[in-house]
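Colleague: Please find target.txt (compact mmCIF, C-alpha atoms and all ligand atoms) on the next line:
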```
# COMPACT_ATOMS: atom_id res chain seq x y z
CA MET B 883 34.97 14.24 12.03
CA ASP B 884 33.88 12.03 9.13
CA GLN B 885 34.30 8.36 10.17
CA GLN B 886 35.88 7.40 6.85
CA ILE B 887 38.58 10.05 7.26
CA ARG B 888 39.36 8.76 10.75
CA LYS B 889 39.38 5.12 9.61
CA SER B 890 41.71 5.84 6.67
CA TYR B 891 43.97 7.76 9.03
CA GLU B 892 44.17 4.85 11.48
CA ASP B 893 44.97 2.43 8.64
CA ALA B 894 47.68 4.74 7.35
CA LYS B 895 49.16 5.08 10.83
CA THR B 896 49.48 1.31 11.08
CA LEU B 897 51.33 1.15 7.78
CA TYR B 898 53.73 3.98 8.65
CA SER B 899 54.39 2.58 12.13
CA GLN B 900 55.84 -0.56 10.52
CA HIS B 901 58.74 1.67 9.47
CA GLY B 902 59.00 3.36 12.86
CA ILE B 903 57.18 6.52 11.80
CA ASP B 904 55.09 8.21 14.50
CA VAL B 905 52.36 9.94 12.49
CA ASP B 906 50.76 11.76 15.44
CA GLN B 907 54.12 13.23 16.32
CA ALA B 908 54.66 14.30 12.70
CA LEU B 909 51.35 16.18 12.73
CA GLU B 910 52.27 17.93 15.98
CA LYS B 911 55.51 19.10 14.37
CA LEU B 912 53.73 20.15 11.20
CA ALA B 913 51.29 22.32 13.14
CA GLN B 914 54.25 24.37 14.47
CA ILE B 915 55.47 25.38 11.01
CA LYS B 916 54.57 28.83 9.78
CA ILE B 917 54.46 29.63 6.10
CA SER B 918 54.66 33.32 5.17
CA LEU B 919 51.91 34.18 2.68
CA HIS B 920 53.05 36.96 0.37
CA CYS B 921 50.49 39.76 0.23
CA TRP B 922 51.48 40.64 -3.33
CA GLN B 923 49.73 37.59 -4.83
CA GLY B 924 46.44 39.26 -3.85
CA ASP B 925 46.69 42.30 -6.10
CA ASP B 926 49.26 41.50 -8.80
CA VAL B 927 52.08 43.38 -6.97
CA ARG B 928 50.42 46.81 -7.18
CA GLY B 929 50.36 47.95 -3.55
CA PHE B 930 48.48 50.96 -2.19
CA LEU B 931 51.08 53.68 -1.81
CA PHE B 932 51.44 54.68 -5.46
CA ARG B 933 48.30 53.37 -7.10
CA ASP B 934 49.14 54.51 -10.63
CA ALA B 935 52.72 53.24 -10.62
CA GLU B 936 53.67 50.59 -13.18
CA LEU B 937 55.25 47.41 -11.84
CA SER B 938 59.00 47.70 -12.49
CA GLY B 939 62.19 45.96 -11.38
CA GLY B 940 62.25 43.35 -14.11
CA ILE B 941 59.39 41.29 -12.69
CA ALA B 942 56.05 40.80 -14.41
CA VAL B 943 52.56 39.59 -13.64
CA THR B 944 50.66 38.03 -16.51
CA GLY B 945 46.93 37.40 -16.63
CA SER B 946 43.90 39.56 -15.95
CA TYR B 947 41.71 37.42 -13.74
CA PRO B 948 39.07 39.74 -12.27
CA GLY B 949 38.55 40.56 -8.61
CA ARG B 950 42.03 41.35 -7.32
CA ALA B 951 42.13 43.35 -4.08
CA ALA B 952 42.12 47.10 -4.60
CA THR B 953 42.22 48.32 -1.00
CA PRO B 954 43.96 47.17 2.20
CA ASP B 955 40.61 46.04 3.63
CA GLN B 956 39.89 43.93 0.56
CA LEU B 957 43.36 42.42 0.72
CA ARG B 958 42.91 41.53 4.38
CA ASP B 959 39.48 40.02 3.65
CA ASP B 960 41.00 37.91 0.89
CA LEU B 961 43.89 36.80 3.08
CA GLU B 962 41.44 35.83 5.81
CA LYS B 963 39.48 33.77 3.31
CA ALA B 964 42.63 32.04 2.07
CA LEU B 965 43.93 31.41 5.59
CA SER B 966 40.60 29.87 6.60
CA LEU B 967 41.24 27.18 3.98
CA ILE B 968 44.81 26.38 5.00
CA PRO B 969 45.65 24.26 8.06
CA GLY B 970 47.86 25.80 10.75
CA LYS B 971 48.76 29.31 11.98
CA HIS B 972 50.91 31.31 9.62
CA LYS B 973 52.45 34.68 8.75
CA VAL B 974 51.70 37.36 6.18
CA ASN B 975 54.53 38.93 4.22
CA LEU B 976 54.11 42.64 3.46
CA HIS B 977 55.95 44.88 1.03
CA ALA B 978 56.48 48.53 1.90
CA ILE B 979 54.11 49.67 -0.88
CA TYR B 980 51.26 47.99 1.03
CA ALA B 981 51.27 50.70 3.73
CA ASP B 982 47.73 51.34 4.92
CA THR B 983 47.54 55.11 5.27
CA GLU B 984 45.67 58.10 3.89
CA GLU B 985 48.87 60.20 4.17
CA LYS B 986 50.87 61.00 1.06
CA VAL B 987 54.17 59.57 2.14
CA ASP B 988 57.26 58.53 0.18
CA LEU B 989 59.17 55.31 0.78
CA ASP B 990 61.95 56.99 2.74
CA GLU B 991 59.42 58.57 5.13
CA LEU B 992 57.52 55.42 6.09
CA GLU B 993 57.06 54.77 9.79
CA PRO B 994 55.55 51.95 11.84
CA ARG B 995 52.32 53.92 12.25
CA HIS B 996 51.65 53.62 8.51
CA PHE B 997 51.29 49.86 9.08
CA GLN B 998 49.42 49.94 12.39
CA ARG B 999 46.19 48.65 10.83
CA TRP B 1000 48.12 45.62 9.55
CA VAL B 1001 49.56 45.04 13.01
CA ASP B 1002 46.15 45.31 14.69
CA TRP B 1003 44.70 42.91 12.15
CA ALA B 1004 47.57 40.43 12.56
CA LYS B 1005 47.13 40.50 16.35
CA ASP B 1006 43.44 39.91 15.98
CA GLN B 1007 44.03 36.99 13.61
CA GLY B 1008 46.92 35.48 15.60
CA LEU B 1009 49.32 35.95 12.67
CA GLY B 1010 52.94 36.98 12.39
CA LEU B 1011 54.16 39.59 9.90
CA ASP B 1012 57.23 39.68 7.66
CA PHE B 1013 58.45 42.68 5.68
CA ASN B 1014 60.18 43.77 2.48
CA PRO B 1015 61.47 47.19 1.53
CA THR B 1016 60.17 47.97 -1.99
CA TYR B 1017 63.09 48.84 -4.26
CA PHE B 1018 60.98 49.01 -7.44
CA SER B 1019 57.82 50.53 -8.96
CA HIS B 1020 59.09 54.01 -8.05
CA PRO B 1021 60.43 56.92 -10.15
CA LYS B 1022 63.79 56.72 -8.33
CA ALA B 1023 64.17 53.12 -9.57
CA ALA B 1024 63.21 54.01 -13.14
CA ASP B 1025 66.66 53.32 -14.62
CA GLY B 1026 66.91 49.97 -12.87
CA PHE B 1027 69.33 50.96 -10.09
CA THR B 1028 68.63 51.63 -6.40
CA LEU B 1029 71.09 50.79 -3.62
CA SER B 1030 73.95 50.51 -6.12
CA HIS B 1031 73.06 53.73 -7.93
CA ALA B 1032 75.97 55.91 -9.01
CA ASP B 1033 73.97 59.03 -8.18
CA GLU B 1034 74.59 59.65 -4.49
CA GLU B 1035 71.28 61.41 -3.92
CA ILE B 1036 69.29 58.45 -5.30
CA ARG B 1037 71.40 55.92 -3.42
CA GLN B 1038 70.83 57.82 -0.18
CA PHE B 1039 67.06 57.85 -0.81
CA TRP B 1040 67.06 54.06 -1.01
CA ILE B 1041 69.30 53.73 2.04
CA ARG B 1042 66.78 55.80 4.02
CA HIS B 1043 64.06 53.46 2.76
CA GLY B 1044 66.04 50.42 3.89
CA LYS B 1045 66.55 51.92 7.35
CA ALA B 1046 62.88 52.89 7.64
CA SER B 1047 61.89 49.35 6.69
CA ARG B 1048 63.90 47.79 9.50
CA LYS B 1049 62.23 50.08 12.04
CA ILE B 1050 58.84 48.96 10.74
CA ALA B 1051 59.93 45.32 10.98
CA GLU B 1052 61.21 45.83 14.53
CA HIS B 1053 57.80 47.24 15.44
CA PHE B 1054 56.09 44.19 13.92
CA GLY B 1055 58.32 41.85 15.89
CA ARG B 1056 57.84 43.67 19.17
CA GLU B 1057 54.07 44.02 18.78
CA LEU B 1058 53.43 40.47 17.61
CA GLY B 1059 55.89 38.67 19.90
CA GLN B 1060 57.70 36.86 17.07
CA PRO B 1061 60.54 37.90 14.79
CA CYS B 1062 59.73 39.66 11.55
CA VAL B 1063 61.95 38.53 8.66
CA THR B 1064 62.93 41.55 6.58
CA ASN B 1065 64.03 40.56 3.12
CA SER B 1066 65.98 42.91 0.87
CA TRP B 1067 65.81 42.33 -2.85
CA VAL B 1068 67.00 44.99 -5.29
CA PRO B 1069 66.52 44.73 -9.05
CA ASP B 1070 69.77 46.57 -9.90
CA GLY B 1071 71.43 45.43 -13.09
CA TYR B 1072 72.21 46.02 -16.76
CA LYS B 1073 70.46 44.75 -19.87
CA ASP B 1074 73.74 44.51 -21.74
CA THR B 1075 77.27 43.55 -20.78
CA PRO B 1076 78.76 46.17 -18.46
CA VAL B 1077 82.30 47.46 -18.50
CA ASP B 1078 82.44 47.92 -14.75
CA ARG B 1079 80.97 45.08 -12.73
CA LEU B 1080 82.86 46.01 -9.59
CA SER B 1081 81.73 49.54 -8.69
CA PRO B 1082 77.98 48.81 -8.45
CA ARG B 1083 78.76 45.86 -6.18
CA GLN B 1084 80.95 48.03 -3.98
CA ARG B 1085 78.15 50.58 -3.73
CA LEU B 1086 75.57 47.88 -2.94
CA ARG B 1087 77.82 46.50 -0.20
CA ASP B 1088 78.31 49.98 1.28
CA SER B 1089 74.59 50.78 1.13
CA LEU B 1090 73.67 47.55 2.89
CA ASP B 1091 76.33 48.14 5.54
CA GLU B 1092 74.80 51.52 6.23
CA ILE B 1093 71.25 50.16 6.35
CA PHE B 1094 72.27 47.40 8.75
CA SER B 1095 74.47 49.66 10.89
CA GLU B 1096 71.79 49.95 13.56
CA GLU B 1097 71.65 46.88 15.81
CA ILE B 1098 68.12 45.48 16.12
CA ASP B 1099 67.23 42.72 18.55
CA PRO B 1100 67.00 39.48 16.51
CA SER B 1101 63.98 38.45 18.54
CA TYR B 1102 62.18 41.28 16.72
CA ASN B 1103 63.88 41.38 13.33
CA ILE B 1104 65.91 39.00 11.16
CA ASP B 1105 67.55 40.51 8.06
CA ALA B 1106 67.76 38.52 4.85
CA VAL B 1107 69.22 39.33 1.42
CA GLU B 1108 67.93 37.84 -1.84
CA SER B 1109 70.03 37.25 -4.94
CA LYS B 1110 68.95 36.83 -8.54
CA LEU B 1111 70.50 35.57 -11.74
CA PHE B 1112 68.72 37.90 -14.13
CA GLY B 1113 65.56 39.98 -14.56
CA LEU B 1114 63.66 41.43 -17.49
CA GLY B 1115 65.97 44.23 -18.61
CA SER B 1116 68.88 43.03 -16.46
CA GLU B 1117 69.70 39.94 -18.49
CA SER B 1118 73.46 40.46 -18.65
CA TYR B 1119 74.37 41.59 -15.16
CA VAL B 1120 72.65 41.66 -11.78
CA VAL B 1121 74.55 43.49 -9.06
CA GLY B 1122 73.15 41.32 -6.24
CA SER B 1123 74.20 37.95 -7.62
CA HIS B 1124 74.23 34.72 -5.60
CA GLU B 1125 77.96 34.94 -4.94
CA PHE B 1126 77.62 38.58 -3.88
CA TYR B 1127 74.96 37.83 -1.29
CA MET B 1128 76.54 34.58 -0.09
CA GLY B 1129 79.66 36.56 0.70
CA TYR B 1130 77.72 39.46 2.11
CA ALA B 1131 75.40 37.43 4.32
CA LEU B 1132 78.10 35.12 5.69
CA SER B 1133 80.49 37.95 6.45
CA ARG B 1134 77.78 40.11 8.11
CA GLY B 1135 75.75 37.47 9.98
CA LYS B 1136 72.68 37.95 7.79
CA ALA B 1137 70.35 35.30 6.35
CA VAL B 1138 70.57 34.31 2.70
CA CYS B 1139 67.24 34.22 0.88
CA LEU B 1140 67.03 31.53 -1.78
CA ASP B 1141 64.27 32.08 -4.33
CA ALA B 1142 63.55 28.90 -6.30
CA GLY B 1143 63.22 30.97 -9.49
CA HIS B 1144 66.46 32.92 -9.24
CA PHE B 1145 68.95 30.44 -10.64
CA HIS B 1146 69.77 28.76 -13.94
CA PRO B 1147 66.80 26.74 -15.23
CA THR B 1148 68.33 23.39 -14.26
CA GLU B 1149 69.84 24.62 -11.00
CA VAL B 1150 67.82 23.78 -7.88
CA ILE B 1151 67.83 25.41 -4.47
CA SER B 1152 67.15 22.12 -2.65
CA ASN B 1153 70.79 21.20 -3.14
CA LYS B 1154 71.97 24.44 -1.52
CA LEU B 1155 70.21 24.36 1.85
CA THR B 1156 72.61 22.09 3.72
CA SER B 1157 75.65 23.94 2.38
CA ILE B 1158 74.43 27.36 3.42
CA LEU B 1159 73.15 26.25 6.82
CA MET B 1160 76.56 24.81 7.68
CA PHE B 1161 77.87 28.35 7.82
CA SER B 1162 74.81 30.50 8.49
CA GLU B 1163 72.44 30.52 11.46
CA HIS B 1164 69.31 31.24 9.46
CA LEU B 1165 67.94 30.80 5.96
CA LEU B 1166 64.97 32.31 4.16
CA LEU B 1167 63.25 30.52 1.30
CA HIS B 1168 61.10 32.06 -1.40
CA VAL B 1169 59.19 29.03 -2.55
CA SER B 1170 58.18 29.65 -6.13
CA ARG B 1171 57.93 27.73 -9.41
CA PRO B 1172 59.98 28.94 -12.35
CA VAL B 1173 58.70 27.73 -15.71
CA ARG B 1174 61.56 28.26 -18.20
CA TRP B 1175 62.43 31.54 -16.44
CA ASP B 1176 61.62 33.30 -13.17
CA SER B 1177 57.94 33.21 -14.07
CA ASP B 1178 56.65 32.94 -10.49
CA HIS B 1179 54.05 30.27 -11.18
CA VAL B 1180 51.92 28.93 -8.32
CA VAL B 1181 53.74 26.25 -6.36
CA THR B 1182 52.68 22.73 -7.31
CA MET B 1183 53.62 19.34 -5.83
CA ASP B 1184 56.57 18.90 -8.14
CA ASP B 1185 59.88 17.13 -7.58
CA GLU B 1186 61.70 20.26 -6.46
CA LEU B 1187 59.11 21.21 -3.86
CA LEU B 1188 59.29 17.73 -2.42
CA GLU B 1189 63.08 17.80 -2.47
CA ILE B 1190 63.15 21.14 -0.63
CA ALA B 1191 60.82 19.68 2.01
CA ARG B 1192 62.92 16.54 2.33
CA GLU B 1193 66.11 18.52 2.83
CA LEU B 1194 64.48 20.60 5.58
CA VAL B 1195 63.08 17.54 7.35
CA ARG B 1196 65.98 15.12 6.92
CA GLY B 1197 68.55 17.63 8.14
CA ASP B 1198 66.29 18.93 10.93
CA LEU B 1199 66.70 22.37 9.37
CA LEU B 1200 63.14 23.65 9.89
CA PRO B 1201 63.89 25.53 13.14
CA ARG B 1202 66.55 27.57 11.29
CA THR B 1203 64.60 28.19 8.10
CA SER B 1204 61.86 30.72 7.38
CA ILE B 1205 59.58 29.64 4.57
CA GLY B 1206 58.02 32.37 2.45
CA LEU B 1207 56.08 32.01 -0.76
CA ASP B 1208 56.80 34.10 -3.84
CA PHE B 1209 54.57 33.72 -6.85
CA PHE B 1210 52.16 36.02 -8.59
CA ASP B 1211 49.77 34.52 -11.06
CA GLY B 1212 47.21 36.97 -12.41
CA SER B 1213 45.55 34.39 -14.62
CA ILE B 1214 43.62 32.49 -11.92
CA ASN B 1215 41.56 33.36 -8.88
CA HIS B 1216 43.96 35.22 -6.58
CA ILE B 1217 42.76 33.49 -3.41
CA ALA B 1218 42.89 30.04 -4.98
CA ALA B 1219 46.51 30.72 -5.93
CA TRP B 1220 47.43 31.30 -2.28
CA VAL B 1221 45.50 28.24 -1.14
CA ILE B 1222 46.98 25.90 -3.75
CA GLY B 1223 50.56 27.08 -3.20
CA THR B 1224 50.40 27.10 0.58
CA ARG B 1225 48.56 23.80 0.97
CA ASN B 1226 51.09 22.20 -1.38
CA THR B 1227 54.03 23.55 0.61
CA ILE B 1228 52.61 22.22 3.88
CA LYS B 1229 51.63 18.92 2.25
CA ALA B 1230 55.15 18.49 0.88
CA LEU B 1231 56.56 18.95 4.39
CA LEU B 1232 54.13 16.34 5.67
CA ARG B 1233 55.15 13.90 2.94
CA ALA B 1234 58.78 14.42 3.89
CA MET B 1235 57.97 13.81 7.56
CA LEU B 1236 56.26 10.55 6.63
CA GLU B 1237 59.40 9.03 5.13
CA PRO B 1238 61.55 6.54 7.07
CA VAL B 1239 64.48 8.96 7.34
CA ASP B 1240 66.48 7.07 9.96
CA GLU B 1241 66.06 3.77 8.15
CA LEU B 1242 67.03 5.35 4.82
CA LYS B 1243 70.12 6.94 6.35
CA ARG B 1244 71.20 3.58 7.79
CA ILE B 1245 70.67 1.88 4.43
CA GLU B 1246 72.67 4.57 2.66
CA LEU B 1247 75.57 4.34 5.10
CA ALA B 1248 75.64 0.58 4.60
CA GLY B 1249 75.99 1.19 0.88
CA ASP B 1250 72.75 -0.60 0.01
CA PHE B 1251 71.70 1.77 -2.76
CA THR B 1252 69.27 -0.78 -4.18
CA SER B 1253 67.17 -0.68 -1.02
CA ARG B 1254 67.53 3.10 -0.83
CA LEU B 1255 66.01 3.52 -4.27
CA ALA B 1256 63.37 0.82 -3.78
CA LEU B 1257 62.13 2.20 -0.48
CA THR B 1258 62.16 5.84 -1.59
CA GLU B 1259 60.10 4.93 -4.63
CA GLU B 1260 57.62 2.75 -2.70
CA PHE B 1261 57.05 5.53 -0.20
CA LYS B 1262 55.86 7.79 -3.00
CA SER B 1263 52.58 5.83 -2.99
CA TYR B 1264 52.21 5.40 0.75
CA PRO B 1265 48.88 6.86 1.96
CA PHE B 1266 50.04 10.35 2.93
CA GLY B 1267 46.75 11.66 1.47
CA ALA B 1268 44.80 9.98 4.29
CA VAL B 1269 47.05 11.68 6.85
CA TRP B 1270 46.68 15.02 5.08
CA ASP B 1271 42.87 14.72 5.04
CA TYR B 1272 42.85 13.93 8.76
CA TYR B 1273 45.17 16.88 9.44
CA CYS B 1274 42.89 19.28 7.53
CA ALA B 1275 39.79 17.96 9.29
CA SER B 1276 41.40 18.15 12.72
CA GLN B 1277 42.53 21.73 12.01
CA GLY B 1278 38.99 22.69 11.01
CA VAL B 1279 39.73 23.46 7.35
CA PRO B 1280 38.15 21.88 4.26
CA VAL B 1281 39.23 18.37 3.31
CA ARG B 1282 40.51 17.72 -0.22
CA GLU B 1283 39.03 19.97 -2.92
CA GLN B 1284 36.17 21.12 -0.68
CA TRP B 1285 38.06 24.38 -0.28
CA LEU B 1286 37.43 25.18 -3.93
CA HIS B 1287 33.68 25.43 -3.31
CA GLU B 1288 34.42 28.04 -0.65
CA VAL B 1289 36.54 30.05 -3.05
CA LYS B 1290 33.88 29.85 -5.75
CA ARG B 1291 31.24 31.02 -3.28
CA TYR B 1292 33.48 33.92 -2.21
CA GLU B 1293 34.06 34.79 -5.84
CA GLU B 1294 30.31 34.95 -6.46
CA GLN B 1295 29.47 36.86 -3.30
CA VAL B 1296 32.47 39.18 -2.86
CA LEU B 1297 34.84 39.28 -5.82
CA SER B 1298 32.18 39.62 -8.52
CA ALA B 1299 30.87 42.76 -6.81
CA ARG B 1300 34.39 44.24 -7.06
CA TYR B 1301 34.51 43.33 -10.70
CA SER B 1302 31.27 45.12 -11.55
CA LEU B 1303 32.46 48.14 -9.57
CA VAL B 1304 35.58 48.37 -11.75
CA GLN B 1305 33.50 47.94 -14.91
CA ASN B 1306 31.06 50.67 -13.91
CA SER B 1307 33.68 53.18 -12.85
C1 LIG X 1401 57.91 41.08 -4.93
C2 LIG X 1401 59.13 40.36 -4.34
O1 LIG X 1401 59.87 41.15 -3.54
C3 LIG X 1401 59.97 39.84 -5.43
O2 LIG X 1401 59.23 38.79 -6.01
C4 LIG X 1401 61.35 39.31 -5.07
O3 LIG X 1401 61.34 38.54 -3.91
C5 LIG X 1401 61.77 38.53 -6.24
O4 LIG X 1401 61.79 37.33 -6.16
C6 LIG X 1401 62.10 39.24 -7.48
O5 LIG X 1401 62.29 38.39 -8.53
MN MN X 1402 61.68 36.25 -4.32
```
Any chance you could give the structure as structure tokens?
Modeller:
Amino acid sequence: MDQQIRKSYEDAKTLYSQHGIDVDQALEKLAQIKISLHCWQGDDVRGFLFRDAELSGGIAVTGSYPGRAATPDQLRDDLEKALSLIPGKHKVNLHAIYADTEEKVDLDELEPRHFQRWVDWAKDQGLGLDFNPTYFSHPKAADGFTLSHADEEIRQFWIRHGKASRKIAEHFGRELGQPCVTNSWVPDGYKDTPVDRLSPRQRLRDSLDEIFSEEIDPSYNIDAVESKLFGLGSESYVVGSHEFYMGYALSRGKAVCLDAGHFHPTEVISNKLTSILMFSEHLLLHVSRPVRWDSDHVVTMDDELLEIARELVRGDLLPRTSIGLDFFDGSINHIAAWVIGTRNTIKALLRAMLEPVDELKRIELAGDFTSRLALTEEFKSYPFGAVWDYYCASQGVPVREQWLHEVKRYEEQVLSARYSLVQNS
């Protein structure tokens, strides 16, 4: 390891130890945390099952940066490249439309075997897998309703898809020796003010009850449900609102999924974690960055990311929280997007671990809010960067912006060839 990196690390350790912070121990803890990298950043949420399908469900990818993955092998290559630039061992989050199969199979007919190549790859790479049923980009979701559909035949189709998804997730968990988190998000909602808000919610509740009716060992599968405030085309009413899923998850023993972009623009999820985890065993986060709306920008080191990390660390909530990423930016290099967002998420957790939590709690209890503010602010310029550099070096991944050179090289050698293929076809 570079001597300067080691020296800066030792100096930083001395500073932090003056506040009782054990930096080595923090890095050991950090190395245990798995972030779930969402496969859909790699190809602008297209998937492989229905290659000509338009993205629907009120979500949108903007940008046309060349080189996105067009096959499962390309997506796996790109994920490997990204993961080689991120410290730690992590998970990959798949959507059902990313099945790797030559069979023509509909969503309600999917089986674990259609994902076996993903499982073999994950085993080989030492990764975990998470899963999501895909309730969008399909003709049966064309009018914006799925599990709450008034047409019984369509609703039953989506219920079969939900059940099939949990069997796939169970297989992932069993094969990989770690639980797969299966997150259900449905886009269902109305553009304009509905007359009947109740019936769709009753149907959604009943559909979910049916999907979850089969008991699956939680050491293989953890179910989560994700709410949303509004989507494109469902501005006035979303069936699966926050209140709906809070009630649903707490009454059914399921995990709530909080997506940072699914609330009012000034509403933050960091302030919700401790409330939900008082009453729920497990929580799933979709770490994203909404800019004015649920725009799914790449996660940066902003105040909310840091606040989420602080909440998880200060309350010792990490063992009960699964952290997934959810952004899709088509305007920049797809691999760089993963690397920036994931490194930032891990770095934010490290920053939170390098704060004098016990001391700050004591100060707060004593009512010394002057010291609380002073210390919190001073710690913002403590040398966490030196600790981060050491962590990256000790994990064998590039230090600081060195990773960008790797991505640029990969772009030249691998992605540009894809680009010319598309142009010539
Ligand atoms: C593709 C994902 O399932 C999707 O982003 C969902 O999690 C969401 O956040 C929709 O807005
Ligand atoms: Mn989400």
Colleague: Using all atoms listed in the file, find the one residue out of B:Ala1024, B:Leu919, B:Leu1086, B:Leu1009 that sits nearest to ligand LIG 1401 (chain X).
Modeller: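 Answer, going by the shortest atom-to-atom distance: B:Leu919.
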Colleague: Closest to ligand MN 1402 (chain X) among B:Ala942, B:Ala1142, B:Ala981, B:Val905, using only C-alpha atoms and all ligand atoms?
Modeller: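 Among the listed residues, the smallest separation from ligand MN 1402 (chain X) belongs to B:Ala1142.
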Colleague: Kindly provide, as a list in words, all nucleotide and amino acid residues lying within 7 Å of ligand MN 1402 (chain X), counting all atoms listed in the file.
Modeller: Glu1108, Asp1141, His1168 and Asp1208 of chain B
Colleague: How would you write, as a PyMOL selection string, the set of residues no farther than 10 Å from ligand LIG 1401 (chain X) when counting all atoms listed in the file?
Modeller: chain B and resi 920-923+926-928+937+939-942+975-978+1013-1018+1065-1069+1107-1114+1139-1144+1167-1170+1176-1178+1206-1210
Colleague: Which neighbours of Tyr1127 of chain B fall inside 7 Å, counting all atoms listed in the file, when residues of the same chain fewer than 3 positions from it are skipped, and could you give them as a VMD selection string?
Modeller: chain B and resid 1107 1109 1122 to 1124 1130 to 1131 1138
Colleague: B:Glu1260, B:Trp1220, B:His1179, B:Arg1048: which is nearest Ala964 of chain B, counting all atoms listed in the file?
Modeller: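 Selected residue with least distance to Ala964 of chain B: B:Trp1220.
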Colleague: Measuring between all atoms listed in the file, which one of B:Ala1046, B:Leu1199, B:Ala1256, B:Leu909 shows the shortest distance to Thr1064 of chain B?
Modeller: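 That would be B:Ala1046, the residue with the smallest distance to Thr1064 of chain B.
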Colleague: Looking at all atoms listed in the file, which of B:Gln1084, B:Thr1182, B:Ser1152, B:Ser1204 is the one that sits closest to Asp1105 of chain B?
Modeller: B:Ser1204
Colleague: Which one of B:Met1183, B:Met1128, B:Leu1159, B:Ile887 sits closest to Ala1268 of chain B if you count only C-alpha atoms?
Modeller: B:Ile887
Colleague: Quick one: residues within 10 Å of Glu1293 of chain B, only C-alpha atoms counted, chain neighbours fewer than 4 positions away excluded, as a list in words?
Modeller: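 These residues fall inside the cut-off: Pro948, Gly949, Asn1215, His1216, Ile1217, His1287, Glu1288, Val1289, Leu1297, Ser1298, Ala1299, Arg1300 and Tyr1301 of chain B.
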Colleague: Could you give me the centre and size, in Å to one decimal, of an axis-aligned box around all listed atoms of segment 1005-1013 of chain B with 5 Å added on every side, as lines of an AutoDock Vina configuration file?
Modeller:
```
center_x = 50.9
center_y = 39.1
center_z = 11.0
size_x = 25.0
size_y = 17.2
size_z = 20.7
```
